[in-house]
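Source file: run.cif. Holds: mmCIF, C-alpha atoms and all ligand atoms.
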```
data_upload
loop_
_atom_site.label_atom_id
_atom_site.label_comp_id
_atom_site.auth_asym_id
_atom_site.auth_seq_id
_atom_site.Cartn_x
_atom_site.Cartn_y
_atom_site.Cartn_z
CA MET A 1 0.00 0.00 0.00
CA ARG A 2 0.99 3.65 -0.19
CA ALA A 3 1.96 5.38 3.05
CA LEU A 4 3.81 8.45 4.24
CA CYS A 5 6.71 7.11 6.30
CA TRP A 6 8.80 8.98 8.84
CA ASP A 7 12.14 7.42 9.77
CA GLY A 8 13.05 10.04 12.35
CA GLU A 9 14.84 12.20 9.81
CA GLN A 10 12.95 12.11 6.56
CA LEU A 11 9.39 11.81 5.38
CA THR A 12 8.89 9.75 2.24
CA LEU A 13 5.96 8.40 0.25
CA ALA A 14 6.35 4.62 0.16
CA GLU A 15 4.51 2.78 -2.61
CA ASP A 16 5.02 -0.73 -1.29
CA ARG A 17 4.60 -0.65 2.48
CA PRO A 18 2.90 -3.88 3.56
CA ALA A 19 -0.76 -3.26 4.42
CA PRO A 20 -2.00 -4.69 7.73
CA ASP A 21 -2.70 -8.36 6.99
CA PRO A 22 -6.30 -9.32 7.96
CA ALA A 23 -5.19 -12.85 8.87
CA GLY A 24 -2.44 -11.45 11.10
CA LEU A 25 -4.55 -8.86 12.96
CA PRO A 26 -4.65 -9.23 16.75
CA ALA A 27 -7.99 -10.57 18.07
CA GLY A 28 -10.52 -7.77 18.29
CA TRP A 29 -8.82 -5.62 15.63
CA ALA A 30 -10.02 -4.45 12.25
CA ARG A 31 -8.43 -3.18 9.07
CA LEU A 32 -9.79 0.10 7.74
CA ARG A 33 -9.61 1.51 4.23
CA VAL A 34 -8.73 5.15 4.89
CA ARG A 35 -11.32 7.40 3.18
CA MET A 36 -9.94 10.75 4.35
CA ALA A 37 -7.26 11.86 6.84
CA GLY A 38 -6.50 15.22 8.42
CA VAL A 39 -3.09 16.78 9.04
CA CYS A 40 -2.84 18.10 12.59
CA SER A 41 -0.28 20.36 14.26
CA THR A 42 0.77 17.33 16.31
CA ASP A 43 1.80 15.58 13.07
CA LEU A 44 4.00 18.53 12.15
CA GLU A 45 5.57 18.37 15.61
CA ILE A 46 6.17 14.63 15.16
CA LEU A 47 7.98 15.43 11.92
CA ARG A 48 10.29 17.61 14.00
CA GLY A 49 11.04 14.77 16.41
CA TYR A 50 8.21 15.07 18.96
CA MET A 51 7.60 11.78 20.85
CA GLY A 52 10.54 10.16 19.03
CA PHE A 53 7.94 8.52 16.78
CA THR A 54 8.89 6.60 13.64
CA GLY A 55 6.53 4.90 11.20
CA VAL A 56 3.34 6.14 9.51
CA PRO A 57 2.06 9.36 11.12
CA GLY A 58 -1.58 10.52 11.10
CA HIS A 59 -4.36 10.11 13.66
CA GLU A 60 -7.36 12.02 12.29
CA LEU A 61 -9.37 9.87 9.91
CA VAL A 62 -12.58 8.50 8.63
CA GLY A 63 -12.33 4.99 7.25
CA GLU A 64 -14.35 2.02 6.14
CA VAL A 65 -14.09 -1.32 7.95
CA GLU A 66 -12.70 -3.58 5.31
CA ALA A 67 -11.62 -6.67 7.28
CA VAL A 68 -11.89 -7.93 10.86
CA ALA A 69 -9.54 -10.30 12.68
CA PRO A 70 -10.56 -13.96 12.41
CA GLY A 71 -13.59 -14.54 14.66
CA GLY A 72 -14.44 -10.81 14.73
CA ASP A 73 -17.88 -9.29 14.16
CA GLU A 74 -18.44 -9.29 10.40
CA ARG A 75 -21.46 -6.99 10.72
CA LEU A 76 -18.90 -4.18 10.99
CA LEU A 77 -17.72 -4.73 7.43
CA GLY A 78 -18.46 -1.76 5.18
CA GLN A 79 -19.22 0.58 8.11
CA ARG A 80 -17.91 4.12 7.93
CA VAL A 81 -16.08 4.89 11.17
CA ALA A 82 -13.95 7.37 13.07
CA CYS A 83 -11.22 5.96 15.31
CA GLU A 84 -10.38 6.90 18.91
CA ILE A 85 -6.62 7.35 18.94
CA ASN A 86 -5.62 5.95 22.35
CA PHE A 87 -5.30 2.16 22.19
CA ALA A 88 -5.62 1.12 25.84
CA CYS A 89 -4.78 -2.24 27.45
CA GLY A 90 -8.30 -2.46 28.91
CA ALA A 91 -7.15 -4.37 32.00
CA CYS A 92 -4.95 -2.13 34.20
CA PRO A 93 -6.34 -0.17 37.21
CA THR A 94 -6.47 3.05 35.11
CA CYS A 95 -8.46 1.31 32.37
CA ARG A 96 -10.76 -0.33 34.93
CA ARG A 97 -11.57 3.14 36.26
CA GLY A 98 -12.78 4.02 32.77
CA LEU A 99 -9.72 6.16 31.99
CA GLY A 100 -8.46 4.24 28.97
CA ARG A 101 -7.31 7.46 27.33
CA HIS A 102 -4.76 7.63 30.19
CA CYS A 103 -3.72 3.94 30.19
CA PRO A 104 0.01 3.97 31.08
CA THR A 105 0.81 1.29 28.49
CA ARG A 106 -1.39 2.72 25.72
CA SER A 107 -0.20 3.13 22.21
CA VAL A 108 -1.49 6.10 20.25
CA LEU A 109 -2.42 6.04 16.58
CA GLY A 110 0.32 7.70 14.53
CA ILE A 111 1.87 9.22 17.67
CA LEU A 112 3.19 6.44 19.91
CA ASP A 113 4.13 2.88 18.86
CA GLN A 114 1.31 2.60 16.33
CA ASP A 115 1.25 3.20 12.59
CA GLY A 116 -1.20 5.94 11.70
CA CYS A 117 -3.53 6.83 8.87
CA PHE A 118 -1.50 8.70 6.23
CA ALA A 119 -1.81 5.51 4.21
CA ASP A 120 -4.27 3.46 2.17
CA TYR A 121 -5.01 1.17 5.13
CA VAL A 122 -4.72 1.30 8.90
CA ALA A 123 -5.33 -1.25 11.68
CA ALA A 124 -7.16 -0.47 14.93
CA PRO A 125 -8.98 -2.20 17.78
CA VAL A 126 -12.73 -2.51 17.13
CA VAL A 127 -13.49 -1.01 20.58
CA ASN A 128 -11.92 2.25 19.30
CA LEU A 129 -14.21 2.55 16.27
CA ARG A 130 -17.25 4.86 16.26
CA ALA A 131 -19.86 4.71 13.51
CA VAL A 132 -20.13 7.96 11.55
CA PRO A 133 -23.75 9.07 11.02
CA ASP A 134 -24.84 9.25 7.36
CA GLU A 135 -25.47 12.99 7.54
CA VAL A 136 -21.79 13.64 8.35
CA SER A 137 -19.54 13.90 5.27
CA ASP A 138 -16.07 12.38 5.09
CA ARG A 139 -14.60 15.87 5.09
CA GLN A 140 -16.46 16.72 8.30
CA ALA A 141 -15.83 13.34 9.92
CA THR A 142 -12.04 13.78 9.76
CA PHE A 143 -12.55 16.52 12.37
CA THR A 144 -14.00 14.07 14.90
CA GLU A 145 -10.75 13.71 16.85
CA PRO A 146 -9.88 17.41 17.23
CA LEU A 147 -13.56 18.26 17.79
CA ALA A 148 -13.67 15.61 20.52
CA ALA A 149 -10.67 17.32 22.11
CA ALA A 150 -12.68 20.56 22.09
CA HIS A 151 -15.68 18.76 23.64
CA GLU A 152 -13.44 17.51 26.45
CA ILE A 153 -13.78 21.01 27.92
CA LEU A 154 -17.54 20.44 28.31
CA GLU A 155 -16.81 17.14 30.13
CA GLN A 156 -14.44 18.86 32.53
CA VAL A 157 -16.07 22.23 33.13
CA HIS A 158 -19.74 22.97 33.71
CA VAL A 159 -20.37 25.61 31.04
CA GLN A 160 -23.57 27.47 31.78
CA PRO A 161 -25.54 29.22 29.06
CA GLY A 162 -24.43 32.83 28.95
CA SER A 163 -21.19 32.25 30.82
CA ARG A 164 -18.41 34.47 29.57
CA ALA A 165 -15.75 32.45 27.78
CA LEU A 166 -12.51 33.64 26.23
CA VAL A 167 -10.52 31.51 23.77
CA LEU A 168 -6.92 32.51 23.13
CA GLY A 169 -5.39 31.25 19.90
CA ASP A 170 -6.86 30.99 16.39
CA GLY A 171 -5.16 27.77 15.34
CA LYS A 172 -7.35 24.84 14.34
CA LEU A 173 -7.93 23.64 17.91
CA GLY A 174 -8.61 27.16 19.18
CA LEU A 175 -11.25 27.66 16.48
CA LEU A 176 -12.91 24.31 17.28
CA CYS A 177 -12.90 25.12 21.01
CA ALA A 178 -14.51 28.50 20.32
CA LEU A 179 -17.19 26.98 18.05
CA THR A 180 -17.89 24.23 20.60
CA LEU A 181 -18.30 26.62 23.52
CA HIS A 182 -20.53 28.84 21.38
CA ALA A 183 -22.71 25.83 20.52
CA ALA A 184 -22.91 25.04 24.24
CA GLY A 185 -24.46 28.45 24.86
CA ALA A 186 -21.47 30.32 26.24
CA GLU A 187 -20.89 33.92 25.24
CA VAL A 188 -17.55 33.44 23.49
CA THR A 189 -14.88 35.95 22.57
CA ALA A 190 -12.00 34.57 20.55
CA ILE A 191 -8.63 36.29 20.37
CA GLY A 192 -6.18 35.65 17.56
CA LYS A 193 -3.69 37.11 15.15
CA HIS A 194 -5.18 36.09 11.77
CA PRO A 195 -8.12 38.11 10.40
CA ARG A 196 -8.94 35.29 7.96
CA LYS A 197 -9.37 32.78 10.81
CA LEU A 198 -11.25 35.13 13.09
CA ALA A 199 -13.63 35.84 10.20
CA ILE A 200 -14.65 32.16 10.22
CA LEU A 201 -15.81 32.58 13.81
CA GLU A 202 -17.55 35.87 13.09
CA ARG A 203 -19.55 34.27 10.32
CA ALA A 204 -20.64 31.66 12.88
CA GLY A 205 -21.85 34.42 15.21
CA LEU A 206 -18.98 34.64 17.69
CA HIS A 207 -17.23 37.78 18.91
CA THR A 208 -13.57 38.10 17.99
CA ARG A 209 -10.78 40.55 18.77
CA PRO A 210 -7.31 40.92 17.30
CA LEU A 211 -4.69 40.10 19.90
CA ALA A 212 -2.81 43.37 19.58
CA GLU A 213 -5.88 45.41 20.47
CA ALA A 214 -7.30 43.12 23.17
CA ARG A 215 -4.33 42.50 25.43
CA GLY A 216 -4.52 45.45 27.81
CA GLN A 217 -8.30 45.52 28.07
CA LEU A 218 -8.62 41.84 28.93
CA THR A 219 -6.30 42.00 31.89
CA ALA A 220 -7.83 45.25 33.08
CA ALA A 221 -11.35 43.79 33.05
CA ARG A 222 -10.52 40.25 34.36
CA ASP A 223 -14.13 39.28 33.90
CA HIS A 224 -14.11 35.94 32.07
CA ASP A 225 -15.62 32.92 33.82
CA LEU A 226 -13.72 30.54 31.56
CA VAL A 227 -10.50 31.11 29.63
CA VAL A 228 -9.16 28.52 27.18
CA GLU A 229 -5.44 28.80 26.41
CA ALA A 230 -4.78 27.37 22.94
CA THR A 231 -1.74 29.34 21.80
CA GLY A 232 0.98 27.22 23.39
CA SER A 233 3.02 30.32 24.11
CA THR A 234 4.18 31.78 27.39
CA ALA A 235 2.64 35.10 26.36
CA GLY A 236 -0.70 33.35 25.79
CA LEU A 237 -0.60 31.68 29.17
CA GLU A 238 0.26 34.97 30.83
CA LEU A 239 -2.64 36.70 29.11
CA ALA A 240 -4.98 33.82 30.04
CA MET A 241 -3.99 34.10 33.70
CA GLY A 242 -4.61 37.82 33.57
CA ALA A 243 -8.02 37.60 31.88
CA VAL A 244 -9.72 34.98 34.07
CA ARG A 245 -11.90 36.31 36.88
CA PRO A 246 -11.30 35.41 40.52
CA ARG A 247 -12.68 31.86 41.15
CA GLY A 248 -12.84 31.40 37.37
CA THR A 249 -11.52 28.46 35.36
CA LEU A 250 -8.45 28.32 33.14
CA VAL A 251 -8.31 25.45 30.63
CA LEU A 252 -4.92 24.57 29.15
CA LYS A 253 -5.27 23.04 25.69
CA SER A 254 -1.74 23.18 24.28
CA THR A 255 0.56 20.19 24.44
CA VAL A 256 3.18 21.92 22.35
CA ALA A 257 4.54 24.76 24.40
CA ASP A 258 7.71 26.45 25.48
CA SER A 259 8.89 25.73 28.99
CA HIS A 260 7.21 28.38 31.05
CA SER A 261 8.75 30.38 33.82
CA LEU A 262 5.80 32.23 35.25
CA SER A 263 4.77 33.12 38.75
CA LEU A 264 1.80 30.97 39.74
CA ALA A 265 0.93 33.26 42.66
CA PRO A 266 -1.96 34.99 40.79
CA LEU A 267 -3.68 31.61 40.47
CA VAL A 268 -3.51 31.18 44.23
CA ILE A 269 -4.53 34.72 45.07
CA ASP A 270 -7.51 34.61 42.69
CA GLU A 271 -8.37 30.98 43.52
CA VAL A 272 -8.40 30.04 39.85
CA THR A 273 -9.20 26.46 38.88
CA VAL A 274 -6.65 25.20 36.34
CA VAL A 275 -7.70 22.31 34.10
CA GLY A 276 -5.38 20.39 31.78
CA SER A 277 -7.36 19.14 28.80
CA ARG A 278 -6.38 16.75 26.01
CA CYS A 279 -8.39 14.08 24.16
CA GLY A 280 -12.15 13.91 24.40
CA PRO A 281 -15.39 12.05 23.74
CA PHE A 282 -15.95 10.99 20.10
CA GLY A 283 -19.67 10.42 20.61
CA ALA A 284 -20.28 14.06 21.57
CA ALA A 285 -18.21 15.28 18.62
CA LEU A 286 -20.01 13.07 16.09
CA SER A 287 -23.37 14.13 17.40
CA ALA A 288 -22.38 17.82 17.19
CA LEU A 289 -21.39 17.24 13.55
CA ALA A 290 -24.62 15.35 12.80
CA ARG A 291 -26.78 18.09 14.37
CA GLY A 292 -24.84 20.79 12.53
CA ALA A 293 -24.05 22.40 15.90
CA VAL A 294 -20.44 22.79 14.75
CA ASP A 295 -19.50 22.99 11.08
CA PRO A 296 -15.76 22.50 10.48
CA GLU A 297 -16.06 22.85 6.69
CA PRO A 298 -14.74 26.48 6.61
CA LEU A 299 -11.55 25.27 8.35
CA ILE A 300 -10.54 23.15 5.33
CA ASP A 301 -7.87 24.87 3.23
CA ALA A 302 -7.13 22.07 0.75
CA VAL A 303 -7.60 18.36 -0.02
CA TYR A 304 -4.68 16.46 -1.57
CA PRO A 305 -4.63 12.95 -2.97
CA LEU A 306 -2.37 10.65 -0.95
CA SER A 307 0.00 10.49 -3.94
CA ARG A 308 0.74 14.19 -3.27
CA GLY A 309 1.07 13.63 0.48
CA LEU A 310 4.49 15.28 0.79
CA GLU A 311 3.12 18.42 -0.86
CA ALA A 312 0.16 18.32 1.53
CA ILE A 313 2.48 18.31 4.54
CA GLU A 314 4.42 21.25 3.07
CA HIS A 315 1.15 23.13 2.65
CA ALA A 316 0.14 22.36 6.26
CA ARG A 317 3.47 23.83 7.41
CA ARG A 318 2.84 27.21 5.78
CA PRO A 319 2.28 29.92 8.37
CA GLY A 320 -1.43 30.52 8.86
CA ALA A 321 -2.53 27.31 7.09
CA LEU A 322 -5.70 25.72 8.42
CA LYS A 323 -6.80 22.09 7.90
CA ILE A 324 -5.19 20.09 5.11
CA LEU A 325 -6.86 16.79 4.24
CA LEU A 326 -5.44 13.71 2.50
CA ASP A 327 -7.72 11.68 0.26
CA PRO A 328 -6.35 8.19 -0.51
CA LEU A 329 -9.37 7.44 -2.72
CA ALA A 330 -8.59 10.30 -5.11
CA GLU A 331 -6.19 9.96 -8.02
ZN ZN A 401 -4.87 15.88 15.99
ZN ZN A 402 -4.61 0.09 30.68
#
```

Could you render the structure from this file as structure tokens?
Ligand SMILES: [Zn+2]
Ligand SMILES: [Zn+2]
Amino acid sequence: MRALCWDGEQLTLAEDRPAPDPAGLPAGWARLRVRMAGVCSTDLEILRGYMGFTGVPGHELVGEVEAVAPGGDERLLGQRVACEINFACGACPTCRRGLGRHCPTRSVLGILDQDGCFADYVAAPVVNLRAVPDEVSDRQATFTEPLAAAHEILEQVHVQPGSRALVLGDGKLGLLCALTLHAAGAEVTAIGKHPRKLAILERAGLHTRPLAEARGQLTAARDHDLVVEATGSTAGLELAMGAVRPRGTLVLKSTVADSHSLSLAPLVIDEVTVVGSRCGPFGAALSALARGAVDPEPLIDAVYPLSRGLEAIEHARRPGALKILLDPLAE
């Protein structure tokens, strides 16, 4: 099969990488034909050495179940699915507490010890697969994973209708967080540097402010119940800490960040609740897509056939690029 392969130094398009063999799949696993895959900032970090990963990157996909391991449930064949990216052991104390996304021996699709989806085929445990509703297109369904990460905020924080939320950062995840909080009824202001990206939110009915103009006012007012930090920069974190109200909640969404040297005293003085937030519930994300509560379509900048995968990655690296999709079914 074709696959983008990262050897730790170079990304290449292999034409003859062995596809996962249905007869050799572990019990309970399936082989998916990749229908569409999304390039995420995490992938670009991996291609700079993050996680020390080697193999096939890619973790955002919609696929079709094309084979199941011997003895598996054949009713799954032909189903269109999204795939939860954390492959948990299912048996350890963390997994038994229902925290499989935190299993200490997990592998992670395209990120940790597991070949990902920038390929014609990918293998995954059946328990990780979620059926994609018919009303959700392939293009939309590739956003299930990052949209689930945005919905994790709603699992962790009780967002009341009308609560004042501030989202810092207009990258892909920041935009999805802002759209998700807006759909949950919060009064959202999004702060970013790119007029083109902020315009996507404005068209969806959110308030936006350019960073340069907002900085001083936000910290003077300190009146946001909820602040989501999605810039990954020390300056962003500092601004987030300054904009949250006393007894408010600060959600940290960036895994890629500089090492911060900041005084944490303001968090103590203002009794701010700090929440680290990573992967989230696929069911909530798929239902938001099916209801049309969040439409990720305007975030798509380009779709490339897999044969032009290297070009697609280059495009995703351009400053200000939004979502780049890979389509293995296209010529
Ligand atoms: Zn991602
Ligand atoms: Zn486990």

Which residues are near Leu109 of chain A? Cut-off 9 Å, all atoms listed in the file, ignore same chain within fewer than 2 positions. Put them as number ranges by chain.
A: 57-60, 83-87, 107, 111-117, 124

Ligand ZN 401 (chain A): which residues are within 8 Å, counting only C-alpha atoms and all ligand atoms? Reply as a PDB file with C-alpha atoms, keeping the file's coordinate frame.
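File produced: result.pdb:
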```pdb
ATOM      1  CA  GLY A  38      -6.500  15.220   8.420  1.00  0.00           C
ATOM      2  CA  VAL A  39      -3.090  16.780   9.040  1.00  0.00           C
ATOM      3  CA  CYS A  40      -2.840  18.100  12.590  1.00  0.00           C
ATOM      4  CA  SER A  41      -0.280  20.360  14.260  1.00  0.00           C
ATOM      5  CA  THR A  42       0.770  17.330  16.310  1.00  0.00           C
ATOM      6  CA  ASP A  43       1.800  15.580  13.070  1.00  0.00           C
ATOM      7  CA  GLY A  58      -1.580  10.520  11.100  1.00  0.00           C
ATOM      8  CA  HIS A  59      -4.360  10.110  13.660  1.00  0.00           C
ATOM      9  CA  GLU A  60      -7.360  12.020  12.290  1.00  0.00           C
ATOM     10  CA  GLU A 145     -10.750  13.710  16.850  1.00  0.00           C
ATOM     11  CA  PRO A 146      -9.880  17.410  17.230  1.00  0.00           C
TER      12      PRO A 146
END
```

Select from chain A every residue with an atom at most 8 Å from any atom of ligand ZN 402 (chain A), then for each give the shortest pair of atoms and their distance in Å to one decimal, using only C-alpha atoms and all ligand atoms, rows by chain and rising number, as a Markdown table.
```
| residue | atom | partner | partner_atom | distance |
| --- | --- | --- | --- | --- |
| A:Ala88 | CA | A:ZN402 | ZN | 5.1 |
| A:Cys89 | CA | A:ZN402 | ZN | 4.0 |
| A:Gly90 | CA | A:ZN402 | ZN | 4.8 |
| A:Ala91 | CA | A:ZN402 | ZN | 5.3 |
| A:Cys92 | CA | A:ZN402 | ZN | 4.2 |
| A:Pro93 | CA | A:ZN402 | ZN | 6.8 |
| A:Thr94 | CA | A:ZN402 | ZN | 5.6 |
| A:Cys95 | CA | A:ZN402 | ZN | 4.4 |
| A:Arg96 | CA | A:ZN402 | ZN | 7.5 |
| A:Gly100 | CA | A:ZN402 | ZN | 5.9 |
| A:His102 | CA | A:ZN402 | ZN | 7.6 |
| A:Cys103 | CA | A:ZN402 | ZN | 4.0 |
| A:Pro104 | CA | A:ZN402 | ZN | 6.0 |
| A:Thr105 | CA | A:ZN402 | ZN | 6.0 |
| A:Arg106 | CA | A:ZN402 | ZN | 6.5 |
```

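Using all atoms listed in the file, the nearest neighbour of Ala165 of chain A within the list A:Gly242, A:Pro18, A:Gly185, A:Gly216 is A:Gly185.
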
Using all atoms listed in the file, collect all residues at a distance of at most 10 Å from (-21.9, 30.1, 20.3) as written in the file, then present them as a PyMOL selection string.
chain A and resi 161-162+165+178-189+201+204-207+293-294

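Nearest-residue note for Glu314 of chain A: choosing from A:Ser263, A:Asp170, A:Arg33, A:Ala302, the minimum distance belongs to A:Ala302, counting all atoms listed in the file.
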
Please provide the set of residues having any atom within 7 Å of Thr273 of chain A, restricted to only C-alpha atoms, with same-chain residues fewer than 4 positions apart removed, written as a PyMOL selection string.
chain A and resi 247-250

Suppose you want the space between atom CA of Arg130 of chain A and atom CA of Asp73 of chain A; what is it in Å?
14.3 Å

Report as a list in words all protein, DNA and RNA residues lying within 8 Å of Ala149 of chain A, evaluated on all atoms listed in the file, omitting residues in the same chain fewer than 5 positions from it.
Ser277, Arg278, Cys279, Gly280 and Pro281 of chain A

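The spacing separating atom CA of Ala82 of chain A from atom CA of Gly8 of chain A amounts to 27.1 Å.
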
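Between atom CA of Glu229 of chain A and atom CA of Leu252 of chain A lies a distance of 5.1 Å.
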
Extract, using all atoms listed in the file, all DNA, RNA and protein residues at most 12 Å from Gly320 of chain A, discarding same-chain residues fewer than 5 positions from it, and format them as JSON, numbers by chain.
{"A": [41, 169, 170, 171, 172, 192, 193, 194, 195, 196, 197, 198, 299, 301, 315]}

Give the answer as one residue: which of A:Pro246, A:Pro319, A:Gly309, A:Gly72 has the shortest atom-to-atom distance to Leu25 of chain A, using only C-alpha atoms?
A:Gly72

Near-Gln79 of chain A list (8 Å; all atoms listed in the file; drop same-chain fewer than 4 positions) as number ranges by chain
A: 64-65, 131

One residue among A:Arg139, A:Arg75, A:Lys253, A:Arg97 is nearest to Val227 of chain A when using only C-alpha atoms, and that residue is A:Lys253

Got a sec to check which residues sit within 9 Å of (-13.7, 20.5, 5.3), counting all atoms listed in the file, and write them as a ChimeraX atom specification?
/A:137-143,295-303,323-325

I need the chosen residues saved as a CSV table (one decimal), in the frame of the given file, with C-alpha atoms.
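As a result, again_24.csv now contains:
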```
chain,number,residue,atom,x,y,z
A,137,SER,CA,-19.5,13.9,5.3
A,138,ASP,CA,-16.1,12.4,5.1
A,139,ARG,CA,-14.6,15.9,5.1
A,140,GLN,CA,-16.5,16.7,8.3
A,141,ALA,CA,-15.8,13.3,9.9
A,142,THR,CA,-12.0,13.8,9.8
A,143,PHE,CA,-12.6,16.5,12.4
A,295,ASP,CA,-19.5,23.0,11.1
A,296,PRO,CA,-15.8,22.5,10.5
A,297,GLU,CA,-16.1,22.8,6.7
A,298,PRO,CA,-14.7,26.5,6.6
A,299,LEU,CA,-11.6,25.3,8.4
A,300,ILE,CA,-10.5,23.2,5.3
A,301,ASP,CA,-7.9,24.9,3.2
A,302,ALA,CA,-7.1,22.1,0.8
A,303,VAL,CA,-7.6,18.4,0.0
A,323,LYS,CA,-6.8,22.1,7.9
A,324,ILE,CA,-5.2,20.1,5.1
A,325,LEU,CA,-6.9,16.8,4.2
```

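Distance annotation: of A:Leu322, A:Ala330, A:Leu4, A:Ala290, the residue with the minimal separation from Asp134 of chain A is A:Ala290; atom set is only C-alpha atoms.
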
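Of the listed residues A:Ala14, A:Ile191, A:Asp7, A:Arg245, the one whose atoms come nearest to Arg48 of chain A is A:Asp7, with distances taken using all atoms listed in the file.
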
Rebuild segment 85-100 of chain A to N, CA and C atoms - output it as an mmCIF file, in the coordinates of the input, please.
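In the end it all went to result-v7.cif:
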```
data_model
loop_
_atom_site.group_PDB
_atom_site.id
_atom_site.type_symbol
_atom_site.label_atom_id
_atom_site.label_comp_id
_atom_site.auth_asym_id
_atom_site.auth_seq_id
_atom_site.Cartn_x
_atom_site.Cartn_y
_atom_site.Cartn_z
ATOM 1 N N ILE A 85 -8.040 7.520 19.232
ATOM 2 C CA ILE A 85 -6.620 7.350 18.940
ATOM 3 C C ILE A 85 -5.825 6.652 20.030
ATOM 4 N N ASN A 86 -6.352 6.600 21.258
ATOM 5 C CA ASN A 86 -5.620 5.950 22.350
ATOM 6 C C ASN A 86 -6.014 4.477 22.412
ATOM 7 N N PHE A 87 -5.044 3.593 22.162
ATOM 8 C CA PHE A 87 -5.300 2.160 22.190
ATOM 9 C C PHE A 87 -4.884 1.659 23.583
ATOM 10 N N ALA A 88 -5.875 1.435 24.433
ATOM 11 C CA ALA A 88 -5.620 1.120 25.840
ATOM 12 C C ALA A 88 -5.529 -0.392 26.050
ATOM 13 N N CYS A 89 -4.913 -0.807 27.177
ATOM 14 C CA CYS A 89 -4.780 -2.240 27.450
ATOM 15 C C CYS A 89 -6.117 -2.832 27.881
ATOM 16 N N GLY A 90 -6.974 -2.008 28.499
ATOM 17 C CA GLY A 90 -8.300 -2.460 28.910
ATOM 18 C C GLY A 90 -8.324 -3.220 30.230
ATOM 19 N N ALA A 91 -7.176 -3.491 30.831
ATOM 20 C CA ALA A 91 -7.150 -4.370 32.000
ATOM 21 C C ALA A 91 -6.500 -3.740 33.239
ATOM 22 N N CYS A 92 -5.709 -2.683 33.066
ATOM 23 C CA CYS A 92 -4.950 -2.130 34.200
ATOM 24 C C CYS A 92 -5.903 -1.318 35.098
ATOM 25 N N PRO A 93 -5.458 -0.937 36.302
ATOM 26 C CA PRO A 93 -6.340 -0.170 37.210
ATOM 27 C C PRO A 93 -6.855 1.124 36.561
ATOM 28 N N THR A 94 -6.014 1.813 35.771
ATOM 29 C CA THR A 94 -6.470 3.050 35.110
ATOM 30 C C THR A 94 -7.597 2.742 34.136
ATOM 31 N N CYS A 95 -7.418 1.697 33.331
ATOM 32 C CA CYS A 95 -8.460 1.310 32.370
ATOM 33 C C CYS A 95 -9.730 0.884 33.104
ATOM 34 N N ARG A 96 -9.575 0.145 34.207
ATOM 35 C CA ARG A 96 -10.760 -0.330 34.930
ATOM 36 C C ARG A 96 -11.537 0.827 35.555
ATOM 37 N N ARG A 97 -10.848 1.949 35.770
ATOM 38 C CA ARG A 97 -11.570 3.140 36.260
ATOM 39 C C ARG A 97 -12.225 3.902 35.107
ATOM 40 N N GLY A 98 -12.145 3.360 33.901
ATOM 41 C CA GLY A 98 -12.780 4.020 32.770
ATOM 42 C C GLY A 98 -11.915 5.108 32.153
ATOM 43 N N LEU A 99 -10.622 5.100 32.483
ATOM 44 C CA LEU A 99 -9.720 6.160 31.990
ATOM 45 C C LEU A 99 -8.759 5.608 30.943
ATOM 46 N N GLY A 100 -9.310 4.865 29.989
ATOM 47 C CA GLY A 100 -8.460 4.240 28.970
ATOM 48 C C GLY A 100 -7.606 5.231 28.213
#
```
